[in-house]
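Before any comments, here is the structure.
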Amino acid sequence: MPLSAAPEPKRRFVPSKWEKQKVMKIVRAIRQGRIVPNKPKTLDDRPQFYSIWETAASDHPAPAPAPKPRLPTNAESYNPPEEYLPTEEERKEWEEQDREDRERDFLPQKHSALRLVPAYPEFIKNRFDRLLDLYLAPRIQRRRLNIDPDSLIPTLPSPQSLRPFPTYLSLYQHHHTSRARCLSISPDDEWVVSGDENGVVSLWEVITGHEAARWSFEQRIGSITWCPRKDVSYFVVGLEEEIIFLSPPFVTGSVSSATKALFDPEAAGSGGNQAVGSSSASSASTVSWTVTRRGTKSASSTVQGSAAIIHDVLQCVRLPRGSGRVAQLSFHRKGDYLSSLSVAGSGTGQSSVWIHQVSKQHSQAPFKNVKGTVQKSMFHPIKPHFFVATQRYVRVYDLAAQQLLKTYLTGIKWISSLDIHPSGDHFIVGGYDKKLCWFDLELSDKPYKVLR
């Protein structure tokens, strides 16, 4: 019979009796239930240890994710910098402290290589404390709020809600033959004093608009301000290289005596016009104080029907030569200190700032060299701080510590005005480019709000 590679036909297949017996044995065991082909899983098949944050109960919201542990700092390094290594005194102090009072649970140590670092003895305890915190401490998941930052800034009120404000002209008074350049209101709001370009200072009554008194000077009036104190009554006039202290004619009684005693204690209550020579130079005979009672009559024999009144010049402060016209006078809230700003030339020359103490008749220049041309200067109403505004910046100085505290960036090309809120928390700066910047002293050095 020839050989072939054909497969054996099925008719020649003879089943094995031994395999048949084995199969039948398994079939009978399945029928009798001794063998379960697909055994159902029970709850006991769950592993003995499992993460409690993997699955959540059906009747509770999903738990918050476990907070991440604090990242290590330089103190945890195996080779920390020298400033992190404790000294013997610090190590002894750390060992004497209780475990709860210690800032760290370990002391930084220095090792030359990472393989030389020993096992951390507090590892198991720290892990156990962390698990206790995760298990016992309640946690909530903080979601980031989608809030527009501009909505948190308070909006400015509309002008309609700020009534009452001036809506009509109540009184109008013509200031002689020239323009009025400065104005100041008395602390009791009953009198107004003004100065013009021809050197005329007028005292006006607020209610009636009546000109109660008039003073004439040969120089142009640069600035004028009223003392904020209520126990005395006087105002200050800034001229060319000179500051004049004047007392209004309506002052009588105890206020008049207190005013005279402030500038001339010996002549207080004497009732006469005495010439008292009292001068004090604050720095190398540059500024001189002169107390001279010199009677000067008003500019005309009658002022709107009233007889001429003799007025006294309480004090005269002569500034250094070449300092220029006094462009600004500003009193401290308590009324004892006065700052003067003088500008040489026609308003564009070198500027000088002086601080005068009225009670001690003393003057001093707080700055040797001022950066830029000073435009305005003011006292802080509460703290011993002094504000100096140049053309673009506002600098705040501490008079007690004699140092610069902060420089505010206004963004204005040329500053024209400065004012501080009575609380001392805010100040506003105005410029010739029609900008008004509102600053908050507790916030940034940039404007909180810019009004155009």
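FYI, nothing fancy with the structure tokens labels: chains A, B, ... in order, residues from 1 per chain, ligands from 1 as they appear.
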- request: Name the residues in contact with Thr225 of chain A at a cut-off of 6 Å, using only C-alpha atoms, excluding same-chain residues fewer than 5 positions from it; report them as JSON, numbers by chain.
  value: {"A": [184, 235, 236]}
- prompt: Excluding same-chain residues fewer than 4 positions from Pro422 of chain A, what lies within 10 Å of it counting only C-alpha atoms, as a VMD selection string?
  reply: chain A and resid 333 380 to 382 426 to 427
Could you take the residues named above and write them with N, CA, C and O atoms, as a short mmCIF file (atom, residue, chain, number, x, y, z; two decimals), in the first residue's frame?
data_model
loop_
_atom_site.label_atom_id
_atom_site.label_comp_id
_atom_site.auth_asym_id
_atom_site.auth_seq_id
_atom_site.Cartn_x
_atom_site.Cartn_y
_atom_site.Cartn_z
N ARG A 333 -2.76 120.07 61.83
CA ARG A 333 -4.12 120.04 62.38
C ARG A 333 -4.19 120.71 63.76
O ARG A 333 -5.19 121.34 64.09
N HIS A 380 0.45 115.31 57.55
CA HIS A 380 -0.55 114.27 57.81
C HIS A 380 -1.38 114.69 59.03
O HIS A 380 -0.83 115.18 60.02
N PRO A 381 -2.70 114.53 58.99
CA PRO A 381 -3.53 115.04 60.09
C PRO A 381 -3.33 114.31 61.41
O PRO A 381 -3.64 114.87 62.47
N ILE A 382 -2.81 113.08 61.41
CA ILE A 382 -2.71 112.29 62.64
C ILE A 382 -1.26 111.89 62.91
O ILE A 382 -0.75 112.10 64.01
N HIS A 426 -6.65 108.52 53.12
CA HIS A 426 -6.73 108.76 51.68
C HIS A 426 -6.19 110.15 51.38
O HIS A 426 -6.20 111.05 52.23
N PHE A 427 -5.75 110.34 50.14
CA PHE A 427 -5.40 111.66 49.66
C PHE A 427 -5.62 111.69 48.15
O PHE A 427 -5.59 110.64 47.48
#
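Between atom CA of Ser352 of chain A and atom CA of Tyr234 of chain A the separation is 24.4 Å.
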